[in-house]
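Reading through the C-alpha coordinates given below for one structure.
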Amino acid sequence: MSQVIVVIGAGSIGIAIARRIGFGKRILLADLRHEATDAAARVLSDAGFDTSTTVVDISSRASVEALVAKANDMGDVFGMIHAAGVSPSQAPPEVILHVDLYGTALLLEEFGKVIAAGGSGIVIASQSGHRLRALSADEDRLLATTPVEELMRLPMLQPDVVTDPLNAYQIAKRGNSLRVKAEAVRWAKRGARVNTISPGIIMTPLANDELSGPRGEGYRRMISLSPAGRAGTPDEVGAVGALLMGPDGGFITGSDFLMDGGVTASYFYGPLAPPKD
(Lines give C-alpha, C1' and ligand atoms only; values in the text may rest on other atoms or scores of the structure.)
Protein backbone atom coordinates (compact mmCIF):
# COMPACT_ATOMS: atom_id res chain seq x y z
CA MET A 1 0.00 0.00 0.00
CA SER A 2 0.96 3.63 -0.40
CA GLN A 3 2.52 5.46 2.51
CA VAL A 4 0.48 8.50 3.57
CA ILE A 5 1.75 11.68 5.24
CA VAL A 6 -0.99 13.79 6.83
CA VAL A 7 -0.29 17.50 7.25
CA ILE A 8 -2.71 19.28 9.58
CA GLY A 9 -2.42 23.02 9.06
CA ALA A 10 -1.46 23.87 5.49
CA GLY A 11 0.88 26.67 6.49
CA SER A 12 4.55 27.35 5.94
CA ILE A 13 6.00 25.12 8.68
CA GLY A 14 3.95 22.00 7.97
CA ILE A 15 4.62 22.30 4.24
CA ALA A 16 8.36 22.81 4.83
CA ILE A 17 8.53 19.48 6.69
CA ALA A 18 6.32 17.71 4.15
CA ARG A 19 8.55 18.78 1.26
CA ARG A 20 11.50 17.06 2.92
CA ILE A 21 9.84 13.75 3.78
CA GLY A 22 6.87 13.45 1.44
CA PHE A 23 8.30 12.67 -1.99
CA GLY A 24 7.19 9.24 -3.21
CA LYS A 25 4.42 9.17 -0.60
CA ARG A 26 0.84 10.42 -0.69
CA ILE A 27 0.39 13.75 1.11
CA LEU A 28 -3.00 14.61 2.58
CA LEU A 29 -3.29 18.32 3.44
CA ALA A 30 -5.95 19.22 6.01
CA ASP A 31 -6.93 22.67 7.23
CA LEU A 32 -9.99 24.50 8.51
CA ARG A 33 -9.97 26.60 5.34
CA HIS A 34 -10.06 24.87 1.97
CA GLU A 35 -8.44 27.96 0.42
CA ALA A 36 -5.30 27.22 2.43
CA THR A 37 -5.14 23.55 1.42
CA ASP A 38 -5.86 24.34 -2.22
CA ALA A 39 -3.07 26.92 -2.41
CA ALA A 40 -0.54 24.63 -0.72
CA ALA A 41 -1.61 21.67 -2.83
CA ARG A 42 -0.98 23.59 -6.06
CA VAL A 43 2.57 24.38 -4.97
CA LEU A 44 3.29 20.79 -3.92
CA SER A 45 1.65 19.27 -7.00
CA ASP A 46 3.63 21.55 -9.30
CA ALA A 47 6.79 20.26 -7.55
CA GLY A 48 5.86 16.65 -8.27
CA PHE A 49 4.25 15.62 -4.98
CA ASP A 50 1.16 13.37 -4.91
CA THR A 51 -1.19 15.67 -2.99
CA SER A 52 -4.80 15.50 -1.83
CA THR A 53 -6.77 17.93 0.33
CA THR A 54 -9.54 17.90 2.90
CA VAL A 55 -11.09 20.20 5.48
CA VAL A 56 -10.75 19.54 9.21
CA ASP A 57 -11.74 21.26 12.42
CA ILE A 58 -9.30 19.89 14.99
CA SER A 59 -11.54 21.04 17.86
CA SER A 60 -14.25 18.60 16.66
CA ARG A 61 -13.96 14.88 17.40
CA ALA A 62 -16.21 13.96 14.48
CA SER A 63 -14.10 16.03 12.09
CA VAL A 64 -10.82 14.53 13.33
CA GLU A 65 -12.23 11.00 13.13
CA ALA A 66 -13.29 11.69 9.53
CA LEU A 67 -9.78 12.92 8.72
CA VAL A 68 -8.18 9.80 10.20
CA ALA A 69 -10.58 7.56 8.30
CA LYS A 70 -9.83 9.35 5.01
CA ALA A 71 -6.09 9.06 5.58
CA ASN A 72 -6.39 5.39 6.48
CA ASP A 73 -8.40 4.71 3.32
CA MET A 74 -5.58 6.23 1.23
CA GLY A 75 -2.91 3.82 2.50
CA ASP A 76 -0.66 3.22 5.50
CA VAL A 77 -0.56 6.33 7.67
CA PHE A 78 3.20 6.74 7.95
CA GLY A 79 3.42 10.31 9.19
CA MET A 80 1.44 13.02 10.95
CA ILE A 81 2.60 16.64 10.92
CA HIS A 82 0.41 18.77 13.16
CA ALA A 83 1.04 22.46 12.58
CA ALA A 84 -2.46 23.91 13.03
CA GLY A 85 -3.53 26.26 15.78
CA VAL A 86 -4.40 29.78 16.85
CA SER A 87 -2.18 32.41 18.44
CA PRO A 88 -2.81 34.81 21.36
CA SER A 89 -3.71 37.61 18.97
CA GLN A 90 -6.22 35.48 17.08
CA ALA A 91 -8.60 34.13 19.71
CA PRO A 92 -9.79 34.38 23.34
CA PRO A 93 -8.41 32.01 26.00
CA GLU A 94 -11.18 29.40 25.82
CA VAL A 95 -10.81 29.05 22.04
CA ILE A 96 -7.02 28.79 22.27
CA LEU A 97 -7.30 26.00 24.85
CA HIS A 98 -9.96 24.15 22.88
CA VAL A 99 -8.04 24.29 19.59
CA ASP A 100 -4.39 24.18 20.65
CA LEU A 101 -4.67 21.92 23.71
CA TYR A 102 -7.76 19.75 23.25
CA GLY A 103 -7.36 19.57 19.47
CA THR A 104 -3.77 18.38 19.75
CA ALA A 105 -4.66 15.75 22.35
CA LEU A 106 -7.46 14.55 20.08
CA LEU A 107 -5.18 14.25 17.05
CA LEU A 108 -2.56 12.35 19.04
CA GLU A 109 -5.19 9.94 20.36
CA GLU A 110 -6.83 9.24 17.00
CA PHE A 111 -3.69 9.05 14.84
CA GLY A 112 -2.11 6.91 17.54
CA LYS A 113 -4.72 4.27 16.69
CA VAL A 114 -3.69 4.01 13.02
CA ILE A 115 -0.06 5.12 12.71
CA ALA A 116 1.95 2.48 10.84
CA ALA A 117 4.96 0.64 12.20
CA GLY A 118 8.04 2.72 11.44
CA GLY A 119 5.92 5.84 11.22
CA SER A 120 6.33 9.07 13.15
CA GLY A 121 4.60 12.25 14.14
CA ILE A 122 5.53 15.86 14.76
CA VAL A 123 3.56 18.35 16.81
CA ILE A 124 4.49 22.02 16.41
CA ALA A 125 4.34 23.57 19.89
CA SER A 126 6.03 26.87 20.78
CA GLN A 127 8.79 28.57 22.71
CA SER A 128 5.94 30.04 24.80
CA GLY A 129 5.49 26.72 26.54
CA HIS A 130 9.03 27.02 27.88
CA ARG A 131 8.33 30.38 29.53
CA LEU A 132 5.29 29.28 31.48
CA ARG A 133 5.88 29.02 35.23
CA ALA A 134 6.97 25.64 36.53
CA LEU A 135 3.94 23.41 36.99
CA SER A 136 3.51 20.94 39.81
CA ALA A 137 4.06 17.25 39.16
CA ASP A 138 0.30 16.76 39.46
CA GLU A 139 -0.44 19.52 36.93
CA ASP A 140 2.09 17.99 34.51
CA ARG A 141 0.47 14.58 34.89
CA LEU A 142 -3.03 15.96 34.35
CA LEU A 143 -2.09 17.78 31.15
CA ALA A 144 -0.23 14.71 29.87
CA THR A 145 -2.67 11.94 30.69
CA THR A 146 -6.20 13.22 31.35
CA PRO A 147 -8.61 11.49 28.93
CA VAL A 148 -9.23 13.76 25.98
CA GLU A 149 -12.92 14.36 26.63
CA GLU A 150 -12.22 15.26 30.26
CA LEU A 151 -9.33 17.60 29.52
CA MET A 152 -11.29 20.84 29.23
CA ARG A 153 -13.01 20.15 32.55
CA LEU A 154 -9.76 20.35 34.52
CA PRO A 155 -10.03 23.04 37.25
CA MET A 156 -6.70 24.55 36.13
CA LEU A 157 -8.18 25.31 32.67
CA GLN A 158 -11.42 27.01 33.68
CA PRO A 159 -12.25 30.55 32.42
CA ASP A 160 -11.94 32.09 35.87
CA VAL A 161 -8.40 30.67 36.15
CA VAL A 162 -7.07 31.21 32.61
CA THR A 163 -8.11 34.75 31.73
CA ASP A 164 -5.32 35.93 29.41
CA PRO A 165 -4.82 34.70 25.82
CA LEU A 166 -1.03 34.54 26.16
CA ASN A 167 -1.31 32.48 29.35
CA ALA A 168 -3.78 30.15 27.60
CA TYR A 169 -1.33 29.75 24.71
CA GLN A 170 1.57 29.01 27.08
CA ILE A 171 -0.46 26.39 28.92
CA ALA A 172 -1.60 24.81 25.66
CA LYS A 173 1.92 24.60 24.26
CA ARG A 174 3.39 23.25 27.51
CA GLY A 175 0.52 20.77 27.46
CA ASN A 176 1.39 19.75 23.90
CA SER A 177 4.93 18.73 24.82
CA LEU A 178 3.74 16.90 27.95
CA ARG A 179 1.04 15.11 25.97
CA VAL A 180 3.53 14.01 23.33
CA LYS A 181 5.82 12.63 26.03
CA ALA A 182 2.98 10.47 27.33
CA GLU A 183 1.67 9.52 23.88
CA ALA A 184 5.13 8.37 22.79
CA VAL A 185 4.69 5.39 25.11
CA ARG A 186 1.40 4.44 23.45
CA TRP A 187 2.63 5.08 19.90
CA ALA A 188 5.61 2.81 20.61
CA LYS A 189 3.21 -0.13 20.92
CA ARG A 190 2.57 0.33 17.19
CA GLY A 191 6.28 0.71 16.44
CA ALA A 192 5.96 4.47 15.86
CA ARG A 193 7.51 7.63 17.28
CA VAL A 194 6.24 11.12 18.06
CA ASN A 195 8.03 14.33 19.06
CA THR A 196 7.42 18.04 19.53
CA ILE A 197 9.20 21.02 18.01
CA SER A 198 8.89 24.30 19.92
CA PRO A 199 9.83 27.07 17.48
CA GLY A 200 10.43 30.67 18.36
CA ILE A 201 9.39 33.48 16.04
CA ILE A 202 9.32 31.92 12.57
CA MET A 203 8.38 34.16 9.67
CA THR A 204 4.94 32.85 8.78
CA PRO A 205 1.53 34.51 8.37
CA LEU A 206 0.78 33.68 12.01
CA ALA A 207 4.00 35.40 13.12
CA ASN A 208 3.11 38.41 11.00
CA ASP A 209 -0.25 38.57 12.82
CA GLU A 210 1.64 38.69 16.10
CA LEU A 211 4.17 41.26 14.89
CA SER A 212 1.39 43.55 13.70
CA GLY A 213 -0.82 42.84 16.73
CA PRO A 214 -0.92 44.30 20.24
CA ARG A 215 2.18 42.34 21.28
CA GLY A 216 4.19 43.33 18.21
CA GLU A 217 6.62 45.61 20.02
CA GLY A 218 7.39 42.87 22.53
CA TYR A 219 8.04 40.38 19.75
CA ARG A 220 10.41 42.74 17.95
CA ARG A 221 12.28 43.29 21.22
CA MET A 222 12.43 39.53 21.70
CA ILE A 223 14.07 39.12 18.29
CA SER A 224 16.57 41.93 18.74
CA LEU A 225 17.72 40.78 22.20
CA SER A 226 17.97 37.08 21.36
CA PRO A 227 21.41 35.50 20.83
CA ALA A 228 20.58 34.83 17.17
CA GLY A 229 19.33 38.39 16.67
CA ARG A 230 16.80 37.38 14.03
CA ALA A 231 13.64 35.41 13.41
CA GLY A 232 13.75 31.88 12.04
CA THR A 233 12.50 30.48 8.74
CA PRO A 234 10.09 27.64 8.00
CA ASP A 235 12.89 25.80 6.19
CA GLU A 236 14.95 25.72 9.40
CA VAL A 237 12.04 24.09 11.22
CA GLY A 238 11.60 21.79 8.24
CA ALA A 239 15.17 20.55 8.59
CA VAL A 240 14.61 19.60 12.24
CA GLY A 241 11.28 17.99 11.37
CA ALA A 242 12.92 15.91 8.66
CA LEU A 243 15.54 14.68 11.13
CA LEU A 244 12.91 13.70 13.69
CA MET A 245 10.66 11.94 11.18
CA GLY A 246 13.43 10.24 9.21
CA PRO A 247 15.69 7.25 9.87
CA ASP A 248 18.39 9.41 11.45
CA GLY A 249 15.91 10.25 14.22
CA GLY A 250 15.06 6.65 14.96
CA PHE A 251 16.24 6.86 18.58
CA ILE A 252 14.26 10.05 19.31
CA THR A 253 10.72 9.88 20.67
CA GLY A 254 8.75 11.66 23.37
CA SER A 255 11.11 14.62 23.09
CA ASP A 256 10.63 18.35 22.68
CA PHE A 257 13.04 20.39 20.55
CA LEU A 258 13.25 24.07 21.42
CA MET A 259 14.50 26.14 18.46
CA ASP A 260 14.00 29.81 19.18
CA GLY A 261 17.30 31.52 18.38
CA GLY A 262 18.09 31.60 22.08
CA VAL A 263 15.08 33.69 23.13
CA THR A 264 14.33 31.40 26.07
CA ALA A 265 17.99 31.44 27.13
CA SER A 266 17.91 35.23 27.07
CA TYR A 267 14.65 35.24 29.01
CA PHE A 268 16.17 33.26 31.87
CA TYR A 269 19.79 34.38 31.75
CA GLY A 270 20.08 37.47 29.54
CA PRO A 271 18.62 40.86 28.68
CA LEU A 272 15.09 39.50 28.21
CA ALA A 273 14.90 38.41 31.85
CA PRO A 274 11.95 39.97 33.71
CA PRO A 275 12.97 42.54 36.34
CA LYS A 276 13.41 41.09 39.81
CA ASP A 277 11.18 42.34 42.58
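Residues in the C-alpha coordinates are numbered from 1 in each chain, the chains being A, B, ... in the order shown, and ligands are numbered from 1 in the order shown.
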
Who sits within 8 Å of Thr51 in chain A, only C-alpha atoms, same chain under 4 positions skipped, as a PyMOL selection string: chain A and resi 26-29+41+44-45

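When only C-alpha atoms are used to compute distances to Val114 in chain A, the closest of the residues A:Gly48, A:Pro88, A:Gly191, A:Pro275 turns out to be A:Gly191.
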
Nearest residue to Gly112 in chain A from the set A:Arg193, A:Lys181, A:Arg220, A:Arg215 (distances using only C-alpha atoms): A:Arg193

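Candidate residues A:Leu166, A:Leu132, A:Ala137, A:Leu178 were compared for distance to Tyr267 in chain A, and the nearest is A:Leu132, using only C-alpha atoms.
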
Spatial neighbours of His82 in chain A, 9 Å, only C-alpha atoms, chain gap at least 5 places, as a list in words: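 Here the answer would be Val6, Val7, Ile8, Gly9, Gly14, Thr104, Leu107, Gly121, Ile122, Val123 and Ile124 of chain A.
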
Would you give me, as JSON lines, each residue of range 151-218 of chain A having an atom within 7 Å of an atom of range 254-260 of chain A, along with its shortest atom pair and that distance in Å to one decimal, using only C-alpha atoms and sorting by chain and residue number?
{"residue": "A:Ser177", "atom": "CA", "partner": "A:Asp256", "partner_atom": "CA", "distance": 6.1}
{"residue": "A:Val180", "atom": "CA", "partner": "A:Gly254", "partner_atom": "CA", "distance": 5.7}
{"residue": "A:Lys181", "atom": "CA", "partner": "A:Gly254", "partner_atom": "CA", "distance": 4.1}
{"residue": "A:Ala184", "atom": "CA", "partner": "A:Gly254", "partner_atom": "CA", "distance": 4.9}
{"residue": "A:Val194", "atom": "CA", "partner": "A:Gly254", "partner_atom": "CA", "distance": 5.9}
{"residue": "A:Asn195", "atom": "CA", "partner": "A:Ser255", "partner_atom": "CA", "distance": 5.1}
{"residue": "A:Thr196", "atom": "CA", "partner": "A:Asp256", "partner_atom": "CA", "distance": 4.5}
{"residue": "A:Ile197", "atom": "CA", "partner": "A:Phe257", "partner_atom": "CA", "distance": 4.7}
{"residue": "A:Ser198", "atom": "CA", "partner": "A:Leu258", "partner_atom": "CA", "distance": 4.6}
{"residue": "A:Pro199", "atom": "CA", "partner": "A:Met259", "partner_atom": "CA", "distance": 4.9}
{"residue": "A:Gly200", "atom": "CA", "partner": "A:Asp260", "partner_atom": "CA", "distance": 3.8}
{"residue": "A:Ile201", "atom": "CA", "partner": "A:Asp260", "partner_atom": "CA", "distance": 6.7}

Let's have the selection written as a PDB file, in the first residue's frame, with N, CA, C and O atoms.
ATOM      1  N   SER A 177       3.694  19.487  24.642  1.00  0.00           N
ATOM      2  CA  SER A 177       4.929  18.730  24.821  1.00  0.00           C
ATOM      3  C   SER A 177       4.762  17.643  25.878  1.00  0.00           C
ATOM      4  O   SER A 177       5.301  16.534  25.734  1.00  0.00           O
ATOM      5  N   VAL A 180       2.707  14.793  24.256  1.00  0.00           N
ATOM      6  CA  VAL A 180       3.526  14.013  23.330  1.00  0.00           C
ATOM      7  C   VAL A 180       4.430  13.047  24.100  1.00  0.00           C
ATOM      8  O   VAL A 180       4.630  11.892  23.692  1.00  0.00           O
ATOM      9  N   LYS A 181       4.965  13.503  25.217  1.00  0.00           N
ATOM     10  CA  LYS A 181       5.817  12.631  26.027  1.00  0.00           C
ATOM     11  C   LYS A 181       5.040  11.388  26.468  1.00  0.00           C
ATOM     12  O   LYS A 181       5.544  10.257  26.399  1.00  0.00           O
ATOM     13  N   ALA A 184       4.028   9.121  23.389  1.00  0.00           N
ATOM     14  CA  ALA A 184       5.134   8.368  22.792  1.00  0.00           C
ATOM     15  C   ALA A 184       5.160   6.935  23.309  1.00  0.00           C
ATOM     16  O   ALA A 184       5.545   6.009  22.578  1.00  0.00           O
ATOM     17  N   VAL A 194       6.855   9.798  18.148  1.00  0.00           N
ATOM     18  CA  VAL A 194       6.238  11.120  18.057  1.00  0.00           C
ATOM     19  C   VAL A 194       7.038  12.094  18.914  1.00  0.00           C
ATOM     20  O   VAL A 194       7.483  11.755  20.007  1.00  0.00           O
ATOM     21  N   ASN A 195       7.236  13.303  18.392  1.00  0.00           N
ATOM     22  CA  ASN A 195       8.028  14.330  19.060  1.00  0.00           C
ATOM     23  C   ASN A 195       7.380  15.706  18.875  1.00  0.00           C
ATOM     24  O   ASN A 195       6.470  15.870  18.049  1.00  0.00           O
ATOM     25  N   THR A 196       7.882  16.656  19.625  1.00  0.00           N
ATOM     26  CA  THR A 196       7.418  18.039  19.534  1.00  0.00           C
ATOM     27  C   THR A 196       8.569  18.943  19.111  1.00  0.00           C
ATOM     28  O   THR A 196       9.703  18.749  19.550  1.00  0.00           O
ATOM     29  N   ILE A 197       8.271  19.928  18.273  1.00  0.00           N
ATOM     30  CA  ILE A 197       9.201  21.023  18.006  1.00  0.00           C
ATOM     31  C   ILE A 197       8.573  22.290  18.581  1.00  0.00           C
ATOM     32  O   ILE A 197       7.391  22.571  18.352  1.00  0.00           O
ATOM     33  N   SER A 198       9.352  23.042  19.342  1.00  0.00           N
ATOM     34  CA  SER A 198       8.886  24.303  19.924  1.00  0.00           C
ATOM     35  C   SER A 198       9.638  25.460  19.276  1.00  0.00           C
ATOM     36  O   SER A 198      10.688  25.889  19.764  1.00  0.00           O
ATOM     37  N   PRO A 199       9.124  25.972  18.161  1.00  0.00           N
ATOM     38  CA  PRO A 199       9.827  27.068  17.475  1.00  0.00           C
ATOM     39  C   PRO A 199       9.648  28.393  18.211  1.00  0.00           C
ATOM     40  O   PRO A 199       8.675  28.608  18.942  1.00  0.00           O
ATOM     41  N   GLY A 200      10.581  29.282  17.962  1.00  0.00           N
ATOM     42  CA  GLY A 200      10.426  30.670  18.362  1.00  0.00           C
ATOM     43  C   GLY A 200       9.678  31.423  17.291  1.00  0.00           C
ATOM     44  O   GLY A 200       8.762  30.893  16.653  1.00  0.00           O
ATOM     45  N   ILE A 201      10.064  32.661  17.055  1.00  0.00           N
ATOM     46  CA  ILE A 201       9.393  33.476  16.040  1.00  0.00           C
ATOM     47  C   ILE A 201       9.895  33.046  14.669  1.00  0.00           C
ATOM     48  O   ILE A 201      11.053  33.254  14.311  1.00  0.00           O
TER      49      ILE A 201
END

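Between CA of Thr54 in chain A and CA of Ser120 in chain A lies a distance of 20.9 Å.
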
Filtered DSSP result for range 102-263 of chain A, state strand (DSSP E or B), as an MDAnalysis selection string: chainID A and resid 120:124 193:199 202 232 256:259

Shortest interatomic distance to Ile13 in chain A - which of A:Gly119, A:Gly241, A:Gly103, A:Pro234, counting only C-alpha atoms: A:Pro234

Residues of range 36-178 of chain A in alpha helix (DSSP H), written as number ranges by chain: A: 36-46, 61-74, 93-96, 103-111, 137-145, 165-178

Spatial neighbours of Gly238 in chain A, 12 Å, only C-alpha atoms, chain gap at least 4 places, as a VMD selection string: chain A and resid 11 to 22 81 83 122 124 197 199 202 232 to 234 242 to 246 259

Selected residues written out with N, CA, C and O atoms, as a tab-separated table (two decimals), in the first residue's frame:
chain	number	residue	atom	x	y	z
A	11	GLY	N	0.07	25.47	6.47
A	11	GLY	CA	0.88	26.67	6.49
A	11	GLY	C	2.33	26.39	6.19
A	11	GLY	O	2.72	25.27	5.83
A	12	SER	N	3.16	27.40	6.39
A	12	SER	CA	4.55	27.35	5.94
A	12	SER	C	5.36	26.26	6.63
A	12	SER	O	6.17	25.57	6.00
A	13	ILE	N	5.17	26.07	7.94
A	13	ILE	CA	6.00	25.12	8.68
A	13	ILE	C	5.65	23.69	8.32
A	13	ILE	O	6.53	22.86	8.02
A	14	GLY	N	4.35	23.36	8.32
A	14	GLY	CA	3.95	22.00	7.97
A	14	GLY	C	4.38	21.63	6.56
A	14	GLY	O	4.86	20.51	6.31
A	15	ILE	N	4.23	22.57	5.63
A	15	ILE	CA	4.62	22.30	4.24
A	15	ILE	C	6.13	22.14	4.12
A	15	ILE	O	6.62	21.30	3.35
A	16	ALA	N	6.90	22.93	4.88
A	16	ALA	CA	8.36	22.81	4.83
A	16	ALA	C	8.82	21.42	5.26
A	16	ALA	O	9.75	20.85	4.68
A	17	ILE	N	8.17	20.85	6.27
A	17	ILE	CA	8.53	19.48	6.69
A	17	ILE	C	8.08	18.49	5.64
A	17	ILE	O	8.83	17.58	5.26
A	18	ALA	N	6.85	18.66	5.14
A	18	ALA	CA	6.32	17.71	4.15
A	18	ALA	C	7.18	17.66	2.89
A	18	ALA	O	7.36	16.58	2.30
A	19	ARG	N	7.72	18.77	2.46
A	19	ARG	CA	8.55	18.78	1.26
A	19	ARG	C	9.80	17.92	1.43
A	19	ARG	O	10.33	17.39	0.46
A	20	ARG	N	10.27	17.81	2.68
A	20	ARG	CA	11.50	17.06	2.92
A	20	ARG	C	11.26	15.56	3.07
A	20	ARG	O	12.17	14.77	2.86
A	21	ILE	N	10.06	15.18	3.49
A	21	ILE	CA	9.84	13.75	3.78
A	21	ILE	C	8.76	13.12	2.91
A	21	ILE	O	8.56	11.91	2.96
A	22	GLY	N	8.06	13.95	2.09
A	22	GLY	CA	6.87	13.45	1.44
A	22	GLY	C	7.01	12.95	0.02
A	22	GLY	O	6.06	12.40	-0.54
A	81	ILE	N	1.96	15.36	10.62
A	81	ILE	CA	2.60	16.64	10.92
A	81	ILE	C	1.49	17.59	11.36
A	81	ILE	O	0.65	18.00	10.55
A	83	ALA	N	0.55	21.08	12.51
A	83	ALA	CA	1.04	22.46	12.58
A	83	ALA	C	-0.11	23.46	12.58
A	83	ALA	O	0.08	24.62	12.22
A	122	ILE	N	4.97	14.61	14.26
A	122	ILE	CA	5.53	15.86	14.76
A	122	ILE	C	4.38	16.76	15.18
A	122	ILE	O	3.42	16.93	14.43
A	124	ILE	N	3.85	20.71	16.30
A	124	ILE	CA	4.49	22.02	16.41
A	124	ILE	C	3.92	22.72	17.63
A	124	ILE	O	2.74	23.10	17.67
A	197	ILE	N	8.27	19.93	18.27
A	197	ILE	CA	9.20	21.02	18.01
A	197	ILE	C	8.57	22.29	18.58
A	197	ILE	O	7.39	22.57	18.35
A	199	PRO	N	9.12	25.97	18.16
A	199	PRO	CA	9.83	27.07	17.48
A	199	PRO	C	9.65	28.39	18.21
A	199	PRO	O	8.67	28.61	18.94
A	202	ILE	N	9.03	32.40	13.93
A	202	ILE	CA	9.32	31.92	12.57
A	202	ILE	C	8.49	32.76	11.62
A	202	ILE	O	7.29	32.97	11.86
A	232	GLY	N	13.41	33.09	12.78
A	232	GLY	CA	13.75	31.88	12.04
A	232	GLY	C	12.94	31.76	10.76
A	232	GLY	O	12.07	32.59	10.46
A	233	THR	N	13.21	30.73	9.99
A	233	THR	CA	12.50	30.48	8.74
A	233	THR	C	11.82	29.12	8.80
A	233	THR	O	12.27	28.21	9.52
A	234	PRO	N	10.74	28.94	8.05
A	234	PRO	CA	10.09	27.64	8.00
A	234	PRO	C	11.03	26.53	7.56
A	234	PRO	O	10.93	25.39	8.04
A	242	ALA	N	12.45	17.01	9.50
A	242	ALA	CA	12.92	15.91	8.66
A	242	ALA	C	13.83	14.97	9.44
A	242	ALA	O	13.77	13.74	9.27
A	243	LEU	N	14.69	15.52	10.28
A	243	LEU	CA	15.54	14.68	11.13
A	243	LEU	C	14.68	13.81	12.04
A	243	LEU	O	14.87	12.59	12.13
A	244	LEU	N	13.72	14.43	12.71
A	244	LEU	CA	12.91	13.70	13.69
A	244	LEU	C	12.03	12.63	13.04
A	244	LEU	O	11.77	11.59	13.65
A	245	MET	N	11.56	12.88	11.82
A	245	MET	CA	10.66	11.94	11.18
A	245	MET	C	11.39	10.92	10.31
A	245	MET	O	10.78	9.94	9.87
A	246	GLY	N	12.68	11.14	10.08
A	246	GLY	CA	13.43	10.24	9.21
A	246	GLY	C	14.22	9.19	9.97
A	246	GLY	O	14.21	9.13	11.20
A	259	MET	N	13.66	25.43	19.44
A	259	MET	CA	14.50	26.14	18.46
A	259	MET	C	13.96	27.56	18.30
A	259	MET	O	13.06	27.82	17.51
